[in-house]
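Q: One file: run-v2.csv (CSV, C-alpha atoms and all ligand atoms).
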```csv
chain,number,residue,atom,x,y,z
A,23,MET,CA,28.2,-14.1,-0.8
A,24,THR,CA,26.1,-16.6,1.1
A,25,GLU,CA,22.7,-15.5,2.4
A,26,SER,CA,22.6,-14.9,6.1
A,27,ALA,CA,21.1,-18.1,7.6
A,28,THR,CA,19.5,-16.2,10.5
A,29,LEU,CA,17.7,-13.7,8.2
A,30,LEU,CA,16.8,-16.5,5.7
A,31,MET,CA,15.0,-18.5,8.4
A,32,ALA,CA,13.3,-15.4,9.8
A,33,GLN,CA,12.1,-14.6,6.3
A,34,ARG,CA,10.8,-18.1,5.7
A,35,GLY,CA,8.9,-18.0,8.9
A,36,ARG,CA,7.3,-14.6,7.9
A,37,GLU,CA,6.3,-16.0,4.5
A,38,LEU,CA,4.6,-19.1,6.0
A,39,ARG,CA,2.8,-17.0,8.6
A,40,ALA,CA,1.6,-14.7,5.8
A,41,GLN,CA,0.1,-17.9,4.2
A,42,GLY,CA,-1.8,-18.4,7.4
A,43,LYS,CA,0.4,-21.1,8.8
A,44,ASP,CA,0.9,-21.3,12.6
A,45,ILE,CA,4.7,-20.8,12.9
A,46,ILE,CA,6.6,-20.1,16.1
A,47,ASP,CA,9.7,-18.2,15.2
A,48,LEU,CA,12.7,-19.1,17.3
A,49,SER,CA,15.1,-18.2,14.5
A,50,LEU,CA,15.9,-14.6,14.9
A,51,GLY,CA,18.1,-13.1,17.6
A,52,GLU,CA,15.8,-10.2,18.4
A,53,PRO,CA,14.4,-9.2,21.8
A,54,ASP,CA,10.6,-9.3,21.7
A,55,GLN,CA,10.3,-6.7,24.4
A,56,ASP,CA,9.6,-3.0,23.7
A,57,PRO,CA,12.5,-0.6,23.9
A,58,PRO,CA,12.7,1.5,27.1
A,59,ALA,CA,10.3,4.5,27.0
A,60,PHE,CA,13.2,7.0,27.3
A,61,ALA,CA,14.7,5.8,24.0
A,62,ILE,CA,11.4,6.4,22.1
A,63,GLU,CA,11.1,9.8,23.9
A,64,ALA,CA,14.7,10.7,22.7
A,65,ALA,CA,13.6,10.0,19.1
A,66,ARG,CA,10.5,12.1,19.6
A,67,THR,CA,12.6,15.0,21.1
A,68,ALA,CA,15.1,14.7,18.2
A,69,LEU,CA,12.2,15.0,15.6
A,70,ASP,CA,10.8,18.0,17.4
A,71,GLU,CA,14.2,19.7,17.5
A,72,ASN,CA,14.1,19.5,13.7
A,73,LYS,CA,17.8,19.8,13.5
A,74,TRP,CA,19.0,16.3,12.8
A,75,ASN,CA,17.8,16.1,9.2
A,76,LYS,CA,21.0,16.6,7.3
A,77,TYR,CA,23.9,14.4,6.6
A,78,PRO,CA,25.6,13.6,9.9
A,79,PRO,CA,29.4,13.6,10.1
A,80,VAL,CA,30.5,10.2,8.7
A,81,MET,CA,32.0,9.1,12.0
A,82,GLY,CA,28.9,10.1,14.0
A,83,TYR,CA,27.9,13.2,15.9
A,84,ALA,CA,30.7,14.4,18.1
A,85,ASP,CA,28.6,14.4,21.3
A,86,VAL,CA,27.3,10.9,20.5
A,87,ARG,CA,30.9,9.6,20.1
A,88,ALA,CA,31.9,11.4,23.4
A,89,ALA,CA,29.0,9.7,25.2
A,90,ILE,CA,30.0,6.3,23.8
A,91,ALA,CA,33.6,6.9,24.8
A,92,HIS,CA,32.3,7.6,28.3
A,93,LYS,CA,30.2,4.5,28.3
A,94,PHE,CA,33.2,2.3,27.3
A,95,LYS,CA,35.0,3.7,30.3
A,96,ARG,CA,32.1,3.4,32.7
A,97,ASP,CA,30.8,0.0,31.8
A,98,ASN,CA,33.9,-1.7,30.4
A,99,GLY,CA,37.0,0.1,31.8
A,100,LEU,CA,38.1,0.7,28.2
A,101,ASP,CA,40.0,3.9,27.3
A,102,TYR,CA,38.9,5.1,23.9
A,103,ALA,CA,39.0,8.8,23.1
A,104,PRO,CA,36.0,10.2,21.3
A,105,GLU,CA,38.1,10.3,18.0
A,106,GLN,CA,38.6,6.6,18.4
A,107,VAL,CA,34.8,5.9,18.3
A,108,MET,CA,32.7,5.5,15.2
A,109,VAL,CA,28.9,5.1,14.9
A,110,SER,CA,27.5,2.8,12.1
A,111,THR,CA,24.3,1.3,10.8
A,112,GLY,CA,24.2,-1.5,13.2
A,113,ALA,CA,27.1,-3.6,14.7
A,114,LYS,CA,26.9,-5.6,11.6
A,115,GLN,CA,28.1,-2.7,9.4
A,116,ALA,CA,30.5,-1.6,12.1
A,117,ILE,CA,32.2,-5.0,11.9
A,118,MET,CA,32.1,-5.0,8.1
A,119,ASN,CA,33.8,-1.6,7.9
A,120,VAL,CA,36.7,-3.0,10.1
A,121,VAL,CA,37.0,-6.3,8.2
A,122,ILE,CA,37.2,-4.5,4.8
A,123,SER,CA,39.7,-2.1,6.2
A,124,LEU,CA,42.0,-4.7,7.7
A,125,VAL,CA,42.1,-7.8,5.5
A,126,GLY,CA,42.1,-9.0,2.0
A,127,PRO,CA,43.5,-11.8,-0.2
A,128,GLY,CA,46.4,-13.6,1.4
A,129,ASP,CA,45.3,-12.8,4.9
A,130,GLU,CA,43.9,-15.2,7.4
A,131,VAL,CA,41.3,-14.4,10.0
A,132,LEU,CA,40.8,-16.6,13.0
A,133,ILE,CA,37.2,-17.3,14.0
A,134,PRO,CA,36.7,-19.6,17.0
A,135,ALA,CA,33.6,-21.8,16.4
A,136,PRO,CA,30.8,-21.7,16.9
A,137,PHE,CA,30.6,-18.1,15.7
A,138,TRP,CA,28.0,-15.6,14.5
A,139,VAL,CA,27.2,-16.3,10.8
A,140,SER,CA,28.2,-12.9,9.4
A,141,TYR,CA,31.8,-13.1,10.5
A,142,GLU,CA,32.7,-15.8,8.1
A,143,ALA,CA,30.7,-14.3,5.2
A,144,GLN,CA,32.2,-10.9,5.7
A,145,VAL,CA,35.7,-12.2,5.8
A,146,ARG,CA,35.2,-14.3,2.7
A,147,PHE,CA,33.8,-11.3,0.9
A,148,THR,CA,37.2,-9.5,1.3
A,149,GLY,CA,39.1,-12.4,-0.2
A,150,ALA,CA,40.8,-13.2,3.1
A,151,THR,CA,40.6,-16.8,4.4
A,152,PRO,CA,38.6,-17.5,7.5
A,153,VAL,CA,40.3,-20.0,9.7
A,154,LEU,CA,37.7,-21.7,11.9
A,155,VAL,CA,38.8,-23.1,15.2
A,156,SER,CA,36.4,-25.7,16.3
A,157,SER,CA,35.2,-26.6,19.8
A,158,THR,CA,32.8,-29.2,21.3
A,159,LEU,CA,29.8,-29.2,23.5
A,160,GLU,CA,32.0,-30.8,26.3
A,161,GLU,CA,34.3,-27.7,26.0
A,162,ASP,CA,31.3,-25.5,26.6
A,163,TYR,CA,31.7,-24.4,22.9
A,164,LYS,CA,34.9,-22.5,23.8
A,165,PRO,CA,38.0,-23.7,21.9
A,166,PRO,CA,40.8,-24.1,24.3
A,167,ILE,CA,43.3,-21.2,24.0
A,168,GLU,CA,46.1,-23.6,22.9
A,169,ARG,CA,44.0,-24.6,19.9
A,170,ILE,CA,43.4,-21.0,19.0
A,171,ALA,CA,47.1,-20.2,19.5
A,172,ALA,CA,48.2,-23.2,17.3
A,173,ALA,CA,46.1,-21.8,14.5
A,174,ILE,CA,47.9,-18.4,14.3
A,175,THR,CA,50.3,-18.1,11.4
A,176,PRO,CA,52.4,-15.1,10.1
A,177,ARG,CA,49.4,-14.4,7.8
A,178,THR,CA,46.9,-14.1,10.6
A,179,ARG,CA,45.8,-10.5,10.8
A,180,LEU,CA,42.6,-10.7,12.8
A,181,LEU,CA,40.7,-12.7,15.4
A,182,ILE,CA,36.9,-12.2,15.7
A,183,PHE,CA,34.8,-13.5,18.6
A,184,SER,CA,31.8,-12.6,20.6
A,185,SER,CA,31.5,-13.1,24.4
A,186,PRO,CA,28.7,-13.7,25.4
A,187,CYS,CA,28.7,-15.8,22.3
A,188,ASN,CA,26.1,-15.9,19.6
A,189,PRO,CA,25.1,-18.8,19.1
A,190,SER,CA,26.4,-20.8,22.2
A,191,GLY,CA,25.7,-18.3,25.0
A,192,SER,CA,29.2,-19.1,26.4
A,193,VAL,CA,31.0,-16.3,28.2
A,194,LEU,CA,34.8,-16.1,28.4
A,195,THR,CA,36.1,-15.7,32.0
A,196,GLN,CA,38.7,-13.1,32.9
A,197,SER,CA,41.5,-15.7,32.9
A,198,GLU,CA,40.4,-17.0,29.5
A,199,LEU,CA,40.5,-13.5,28.2
A,200,GLU,CA,44.0,-13.0,29.6
A,201,GLU,CA,45.3,-16.3,28.1
A,202,LEU,CA,43.8,-15.3,24.8
A,203,ALA,CA,45.4,-11.8,25.0
A,204,ALA,CA,48.8,-13.4,25.8
A,205,ALA,CA,48.5,-15.6,22.6
A,206,VAL,CA,47.6,-12.5,20.5
A,207,LEU,CA,50.4,-10.3,22.0
A,208,LYS,CA,53.0,-12.7,20.7
A,209,TRP,CA,52.1,-11.6,17.1
A,210,PRO,CA,52.7,-7.9,16.5
A,211,ASP,CA,50.4,-7.7,13.4
A,212,LEU,CA,47.4,-9.4,14.9
A,213,LEU,CA,44.3,-7.4,15.9
A,214,VAL,CA,41.2,-8.5,17.6
A,215,ILE,CA,37.5,-7.7,17.0
A,216,SER,CA,35.8,-8.2,20.4
A,217,ASP,CA,32.0,-8.2,19.7
A,218,GLU,CA,30.4,-7.3,23.0
A,219,ILE,CA,26.8,-6.7,21.8
A,220,TYR,CA,25.5,-9.1,24.5
A,221,GLU,CA,27.6,-7.6,27.3
A,222,HIS,CA,24.5,-6.8,29.5
A,223,ILE,CA,22.8,-10.2,28.9
A,224,VAL,CA,24.9,-12.3,31.3
A,225,PHE,CA,23.3,-14.6,33.9
A,226,ASP,CA,26.2,-16.4,35.5
A,227,GLY,CA,29.7,-15.0,35.7
A,228,GLN,CA,30.7,-11.6,34.5
A,229,HIS,CA,31.4,-9.9,31.1
A,230,GLY,CA,35.0,-8.8,30.6
A,231,SER,CA,36.5,-6.7,27.8
A,232,ILE,CA,39.7,-8.0,26.3
A,233,GLY,CA,40.7,-4.4,25.4
A,234,THR,CA,41.3,-3.7,29.1
A,235,ILE,CA,44.2,-6.2,29.4
A,236,PRO,CA,47.6,-4.5,29.4
A,237,GLY,CA,48.9,-4.2,25.8
A,238,MET,CA,45.5,-5.0,24.2
A,239,ALA,CA,44.1,-1.4,23.8
A,240,ALA,CA,46.3,-0.9,20.7
A,241,ARG,CA,45.1,-4.3,19.3
A,242,THR,CA,41.4,-4.3,20.0
A,243,ILE,CA,38.4,-3.1,18.1
A,244,THR,CA,35.5,-3.3,20.6
A,245,VAL,CA,32.0,-3.6,19.0
A,246,ASN,CA,28.7,-2.9,20.6
A,247,GLY,CA,25.3,-1.5,19.7
A,248,LEU,CA,21.7,-0.8,20.7
A,249,SER,CA,20.0,-3.9,19.1
A,250,LYS,CA,20.2,-6.3,22.0
A,251,ALA,CA,20.4,-4.4,25.3
A,252,PHE,CA,17.8,-1.8,24.3
A,253,ALA,CA,15.6,-4.0,22.0
A,254,LEU,CA,16.2,-1.5,19.2
A,255,THR,CA,17.1,-3.8,16.3
A,256,GLY,CA,15.2,-1.7,13.8
A,257,TRP,CA,16.9,1.6,14.5
A,258,ARG,CA,20.2,0.1,13.2
A,259,VAL,CA,22.8,1.6,15.4
A,260,GLY,CA,26.1,0.0,16.3
A,261,TYR,CA,29.5,1.4,17.1
A,262,ILE,CA,33.2,0.6,17.7
A,263,GLY,CA,36.0,1.8,19.8
A,264,ALA,CA,39.3,1.1,18.0
A,265,PRO,CA,42.9,2.2,17.6
A,266,LEU,CA,43.0,5.5,15.8
A,267,GLU,CA,44.4,4.2,12.4
A,268,VAL,CA,41.7,1.5,12.3
A,269,VAL,CA,38.9,4.1,12.9
A,270,GLN,CA,40.3,6.3,10.3
A,271,ALA,CA,40.3,3.5,7.7
A,272,ALA,CA,36.8,2.4,8.8
A,273,ASN,CA,35.7,6.0,8.3
A,274,LYS,CA,36.8,6.0,4.7
A,275,VAL,CA,34.9,2.8,4.1
A,276,GLN,CA,31.8,4.1,5.7
A,277,GLY,CA,32.1,7.4,3.9
A,278,GLN,CA,32.0,5.6,0.6
A,279,PHE,CA,29.3,3.1,1.5
A,280,THR,CA,26.6,4.8,3.7
A,281,SER,CA,27.8,8.3,4.6
A,282,GLY,CA,27.1,7.5,8.3
A,283,ALA,CA,24.4,6.3,10.6
A,284,ASN,CA,20.8,7.8,10.6
A,285,GLY,CA,20.8,11.1,12.5
A,286,ILE,CA,17.6,10.5,14.6
A,287,ALA,CA,18.8,7.1,15.5
A,288,GLN,CA,22.1,8.5,16.7
A,289,ARG,CA,20.2,10.8,19.1
A,290,VAL,CA,18.5,7.7,20.5
A,291,ALA,CA,21.9,6.1,20.8
A,292,LYS,CA,23.2,9.0,22.9
A,293,ALA,CA,20.2,8.6,25.3
A,294,CYS,CA,20.8,4.8,25.5
A,295,VAL,CA,24.6,4.9,26.3
A,296,GLU,CA,24.1,7.7,28.8
A,297,ALA,CA,21.4,5.7,30.7
A,298,ASP,CA,22.5,3.7,33.7
A,299,PRO,CA,23.0,0.1,32.8
A,300,SER,CA,20.6,-0.9,35.5
A,301,VAL,CA,17.8,0.0,33.0
A,302,ILE,CA,18.6,-3.3,31.3
A,303,ALA,CA,18.2,-5.5,34.5
A,304,GLY,CA,14.5,-6.2,33.7
A,305,LEU,CA,15.3,-7.5,30.2
A,306,ARG,CA,18.2,-9.6,31.6
A,307,ASN,CA,15.9,-11.2,34.3
A,308,VAL,CA,13.3,-12.1,31.7
A,309,PHE,CA,16.0,-13.8,29.5
A,310,LYS,CA,17.4,-15.7,32.5
A,311,ARG,CA,13.9,-17.1,33.3
A,312,ARG,CA,13.4,-18.1,29.7
A,313,ARG,CA,16.8,-19.8,29.5
A,314,ASP,CA,15.9,-22.0,32.5
A,315,LEU,CA,12.5,-22.7,30.9
A,316,VAL,CA,14.1,-23.7,27.6
A,317,LEU,CA,16.8,-25.9,29.3
A,318,LYS,CA,14.0,-27.7,31.2
A,319,GLY,CA,12.0,-28.2,28.0
A,320,LEU,CA,15.0,-29.5,26.1
A,321,GLU,CA,15.5,-32.2,28.7
A,322,LYS,CA,12.2,-33.7,27.4
A,323,ILE,CA,13.5,-34.0,23.8
A,324,PRO,CA,14.9,-37.5,23.3
A,325,GLY,CA,18.6,-37.5,22.4
A,326,TRP,CA,19.2,-33.7,22.4
A,327,ALA,CA,22.0,-32.4,24.6
A,328,CYS,CA,23.2,-28.9,25.4
A,329,ASN,CA,25.6,-26.7,27.4
A,330,ILE,CA,24.2,-24.2,30.0
A,331,PRO,CA,24.4,-20.9,28.2
A,332,GLN,CA,25.7,-18.2,30.6
A,333,GLY,CA,24.6,-15.2,28.5
A,334,ALA,CA,22.9,-13.9,25.3
A,335,PHE,CA,19.6,-15.5,24.4
A,336,TYR,CA,20.4,-18.7,22.5
A,337,VAL,CA,20.8,-22.4,23.1
A,338,LEU,CA,22.7,-24.6,20.7
A,339,PRO,CA,21.6,-28.2,21.4
A,340,ASP,CA,23.5,-31.1,19.7
A,341,VAL,CA,20.7,-32.7,17.7
A,342,SER,CA,22.7,-35.2,15.8
A,343,ARG,CA,21.0,-38.2,17.5
A,344,SER,CA,17.8,-37.1,15.6
A,345,PHE,CA,19.5,-37.6,12.2
A,346,LYS,CA,17.5,-40.6,11.1
A,347,GLY,CA,16.0,-41.8,7.8
A,348,ALA,CA,15.8,-39.0,5.3
A,349,ILE,CA,17.2,-36.5,7.8
A,350,THR,CA,21.0,-36.4,7.6
A,351,ASN,CA,21.9,-33.0,8.9
A,352,SER,CA,20.8,-29.9,10.8
A,353,ALA,CA,19.4,-28.1,7.8
A,354,GLU,CA,17.1,-31.0,7.0
A,355,LEU,CA,16.1,-31.4,10.6
A,356,SER,CA,15.3,-27.6,10.8
A,357,MET,CA,13.1,-28.0,7.7
A,358,TYR,CA,11.4,-31.1,9.2
A,359,LEU,CA,10.6,-29.1,12.4
A,360,LEU,CA,9.3,-26.1,10.3
A,361,ASP,CA,7.0,-28.4,8.4
A,362,HIS,CA,6.0,-30.8,11.1
A,363,ALA,CA,6.2,-28.7,14.3
A,364,GLY,CA,5.6,-25.2,12.9
A,365,VAL,CA,8.8,-24.1,14.7
A,366,SER,CA,11.5,-22.1,12.9
A,367,LEU,CA,15.1,-22.6,14.1
A,368,VAL,CA,18.5,-22.0,12.5
A,369,GLU,CA,20.7,-24.9,11.4
A,370,GLY,CA,24.1,-25.0,13.2
A,371,ASP,CA,26.4,-25.5,10.2
A,372,SER,CA,26.2,-21.8,9.3
A,373,PHE,CA,27.6,-21.0,12.8
A,374,GLY,CA,30.4,-23.5,12.4
A,375,ALA,CA,28.6,-26.0,14.6
A,376,PRO,CA,27.4,-29.0,12.5
A,377,GLY,CA,25.1,-31.4,14.3
A,378,THR,CA,23.4,-28.5,16.2
A,379,VAL,CA,20.5,-26.2,15.8
A,380,ARG,CA,20.2,-22.7,17.3
A,381,ILE,CA,17.2,-21.8,19.3
A,382,SER,CA,16.6,-18.1,20.1
A,383,TYR,CA,14.6,-17.8,23.3
A,384,ALA,CA,13.8,-14.1,22.7
A,385,THR,CA,10.1,-14.8,22.6
A,386,SER,CA,7.3,-15.2,25.2
A,387,ASP,CA,7.3,-17.9,27.8
A,388,ALA,CA,4.0,-19.2,26.5
A,389,LEU,CA,5.3,-19.5,22.9
A,390,LEU,CA,8.5,-21.1,24.1
A,391,THR,CA,6.6,-23.7,26.1
A,392,GLU,CA,4.4,-24.5,23.1
A,393,ALA,CA,7.3,-24.6,20.7
A,394,LEU,CA,9.3,-27.1,22.9
A,395,ASP,CA,6.2,-29.3,23.3
A,396,ARG,CA,5.8,-29.4,19.5
A,397,ILE,CA,9.5,-30.1,18.9
A,398,ALA,CA,9.4,-32.9,21.5
A,399,LYS,CA,6.4,-34.5,19.7
A,400,ALA,CA,7.9,-34.1,16.3
A,401,ILE,CA,11.2,-35.6,17.4
A,402,ALA,CA,9.5,-38.5,19.2
A,403,ALA,CA,7.7,-39.2,16.0
A,404,LEU,CA,11.0,-39.8,14.2
A,405,GLY,CA,11.2,-43.0,16.3
A,501,LIG,N1,27.1,-9.3,16.6
A,501,LIG,C1,26.4,-10.4,17.1
A,501,LIG,C2,27.1,-11.4,17.9
A,501,LIG,C3,25.0,-10.5,16.9
A,501,LIG,O1,24.4,-11.5,17.3
A,501,LIG,C4,24.4,-9.5,16.1
A,501,LIG,C5,22.9,-9.7,15.8
A,501,LIG,N2,22.3,-8.8,15.2
A,501,LIG,C6,25.2,-8.4,15.6
A,501,LIG,C7,26.5,-8.4,15.9
A,501,LIG,C8,24.6,-7.3,14.7
A,501,LIG,O2,23.8,-6.5,15.4
A,501,LIG,P1,23.2,-5.2,14.8
A,501,LIG,O3,23.7,-5.1,13.4
A,501,LIG,O4,21.7,-5.3,14.9
A,501,LIG,O5,23.7,-4.1,15.6
A,502,LIG,N1,22.1,-11.3,15.1
A,502,LIG,C1,20.8,-11.8,15.2
A,502,LIG,C2,20.8,-13.3,15.0
A,502,LIG,O1,21.9,-13.9,15.0
A,502,LIG,C3,19.9,-11.1,14.2
A,502,LIG,C4,20.0,-11.6,12.7
A,502,LIG,C5,21.3,-11.2,12.1
A,502,LIG,O2,21.6,-10.0,12.1
A,502,LIG,O3,22.0,-12.1,11.8
A,502,LIG,O4,19.8,-13.9,14.8
```
Output the structure of this file as structure tokens.
A:
Amino acid sequence: MTESATLLMAQRGRELRAQGKDIIDLSLGEPDQDPPAFAIEAARTALDENKWNKYPPVMGYADVRAAIAHKFKRDNGLDYAPEQVMVSTGAKQAIMNVVISLVGPGDEVLIPAPFWVSYEAQVRFTGATPVLVSSTLEEDYKPPIERIAAAITPRTRLLIFSSPCNPSGSVLTQSELEELAAAVLKWPDLLVISDEIYEHIVFDGQHGSIGTIPGMAARTITVNGLSKAFALTGWRVGYIGAPLEVVQAANKVQGQFTSGANGIAQRVAKACVEADPSVIAGLRNVFKRRRDLVLKGLEKIPGWACNIPQGAFYVLPDVSRSFKGAITNSAELSMYLLDHAGVSLVEGDSFGAPGTVRISYATSDALLTEALDRIAKAIAALG
């Protein structure tokens, strides 16, 4: 398996900081804010109750799954019964459970690019073949539906995408989701993983769930979690809503791998999904301000170009004009910026976007401003 490029850069930044170097870390997709107070309170209550200390049911506690089913309906218009919901150790494990359940050698999995790094690695791990469908900056990093449809073959079992997209911030419109659904519905054995972990972090336009489109409920595994909306990356809770047979298969995988998600963290999950989504507005507004700040800062970097991300907390500038001299690709440019600007970014190749770097703006305005200044100087120095 390849090492996760996002986690690798984050680790490198930590190590350099431990050596006393002044590194601004824009590599990791992790909200810098504190989680809402009610979430921490829910954990405290759960500890005091002293009854969540044993193995939880593999699928997750029944009341937590019921609360998630209710959230899917309330926020997304999705009809998943509680028995179609499963709680896992982060959305990452939730996706892996499904991928292992559904595909193996001989199968193809469509992944529109750019994509989140772990989709490709997880698919490869099963022996299935990831089929990457590319897109360009001019296309707002959304492959046209015809290109996706043309890549489907009788061996295609799964399509995986995130909207809002990590790493591009692109958001699929309702009509794009409908076109995508129409392409999928032509193939009876094709399922979709719709990763909606950034659903609440949308600035322009609106988040839509492909599972609500007629015919798609039986085809869609909807993924979500606490990490992004509630700034609870470390508690490791993610979940799916899925067709019953998919949940049952994922349940077997989870039962053999982890026995289920941490009990206390599940109590926190219940409080989070029961909360009114308006509790996330503050976080969203902060990210919108930072997006605008970063877009402005990027204008000052010679030769870099980007789309306007509509959601999530990343920008994916095309940096290929800075490939000069010894620097021939994004990985080398990222290392140059780490060494000469003290800024840690992730190279775009791992996201299926060569010629780009990913900047996470989930950090303070002051650090973002400083980082962009340093990048601009280091890039100007390349001549
Ligand atoms: N999907 C996407 C698109 C992500 O960016 C992340 C980032 N962590 C995840 C899934 C996994 O989230 P977690 O495992 O923290 O729930
Ligand atoms: N998803 C975040 C990112 O893309 C966190 C790191 C990871 O899990 O890959 O940076």
Q: Taking all atoms listed in the file into account, which residues are within 9 Å of ligand LIG 501 (chain A), as a count of residues only?
A: 42
Q: Between CA of Ser300 in chain A and CA of Leu315 in chain A, what is the distance in Å, rounded to a tenth?
A: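 Computing it gives 23.7 Å between the two atoms.
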Q: Skip range 283-291 of chain A itself and residues of its chain fewer than 3 positions away, then list as number ranges by chain all residues within 8 Å of it, counting only C-alpha atoms.
A: A: 61-62, 64-65, 68-69, 74-78, 80, 82-83, 86, 109-111, 248, 257-259, 280, 294-295
Q: Report, in Å to a single decimal, how far apart CA of Arg343 in chain A and CA of Val316 in chain A are.
A: 19.0 Å
Q: Select, from A:Val269, A:Leu159, A:Val121, A:Ile170, the residue with the minimum atom-to-atom distance to Gly191 in chain A, counting all atoms listed in the file.
A: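 Answer, going by the shortest atom-to-atom distance: A:Leu159.
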Q: For the point (28.7, -23.1, 10.8) in the file's frame, write as a list of chain:residue names all residues with an atom no more than 9 Å away, counting all atoms listed in the file.
A: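 Checking each residue against the 9 Å limit leaves A:Ala135, A:Pro136, A:Phe137, A:Trp138, A:Val139, A:Glu142, A:Glu369, A:Gly370, A:Asp371, A:Ser372, A:Phe373, A:Gly374, A:Ala375, A:Pro376.
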Q: Excluding same-chain residues fewer than 5 positions from Ala264 in chain A, what lies within 10 Å of it counting all atoms listed in the file, as a PyMOL selection string?
A: chain A and resi 101-103+105-108+120+214-215+233+239-245+269-270+272
Q: Which residues, written as an NGL selection string, have at least one atom at most 6 Å from range 146-149 of chain A, with only C-alpha atoms counted and residues fewer than 3 positions away on the same chain left out?
A: :A and (126-127 or 143)
Q: By how many Å are CA of Ile262 in chain A and CA of Leu338 in chain A apart?
A: 27.5 Å
Q: Pick out the closest residue to Ile45 in chain A from this set: A:Ala363, A:Val368, A:Leu181, A:Ile90. Count all atoms listed in the file.
A: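 Residue with the minimum atom-to-atom distance to Ile45 in chain A: A:Ala363.
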Q: Out of A:Leu207, A:Ile235, A:Ala253, A:Ala353, which residue has the shortest atom-to-atom distance to ligand LIG 502 (chain A) when counting all atoms listed in the file?
A: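 Closest candidate: A:Ala253.
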Q: Please supply range 51-55 of chain A, rebuilt with all heavy atoms, as a short mmCIF file (atom, residue, chain, number, x, y, z; two decimals), in the coordinates of the input.
A:
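Now in result07.cif:
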```cif
data_model
loop_
_atom_site.label_atom_id
_atom_site.label_comp_id
_atom_site.auth_asym_id
_atom_site.auth_seq_id
_atom_site.Cartn_x
_atom_site.Cartn_y
_atom_site.Cartn_z
N GLY A 51 17.55 -13.62 16.36
CA GLY A 51 18.10 -13.10 17.60
C GLY A 51 17.62 -11.66 17.81
O GLY A 51 18.37 -10.72 17.55
N GLU A 52 16.37 -11.51 18.26
CA GLU A 52 15.80 -10.20 18.40
C GLU A 52 14.92 -10.12 19.60
O GLU A 52 13.92 -10.84 19.66
CB GLU A 52 15.00 -9.89 17.11
CG GLU A 52 14.14 -8.66 17.19
CD GLU A 52 13.67 -8.22 15.83
OE1 GLU A 52 12.77 -8.87 15.26
OE2 GLU A 52 14.19 -7.22 15.35
N PRO A 53 15.26 -9.26 20.58
CA PRO A 53 14.40 -9.20 21.80
C PRO A 53 12.97 -8.88 21.38
O PRO A 53 12.72 -8.04 20.52
CB PRO A 53 15.02 -8.03 22.57
CG PRO A 53 16.41 -7.90 22.07
CD PRO A 53 16.39 -8.34 20.64
N ASP A 54 12.02 -9.59 21.99
CA ASP A 54 10.60 -9.30 21.70
C ASP A 54 10.04 -8.18 22.48
O ASP A 54 8.97 -7.68 22.18
CB ASP A 54 9.80 -10.62 21.98
CG ASP A 54 9.93 -11.06 23.44
OD1 ASP A 54 11.08 -11.06 23.94
OD2 ASP A 54 8.92 -11.39 24.07
N GLN A 55 10.78 -7.74 23.51
CA GLN A 55 10.30 -6.70 24.40
C GLN A 55 10.23 -5.32 23.64
O GLN A 55 10.88 -5.14 22.62
CB GLN A 55 11.19 -6.48 25.61
CG GLN A 55 11.18 -7.63 26.57
CD GLN A 55 12.29 -8.64 26.28
OE1 GLN A 55 12.76 -8.74 25.15
NE2 GLN A 55 12.67 -9.40 27.27
#
```
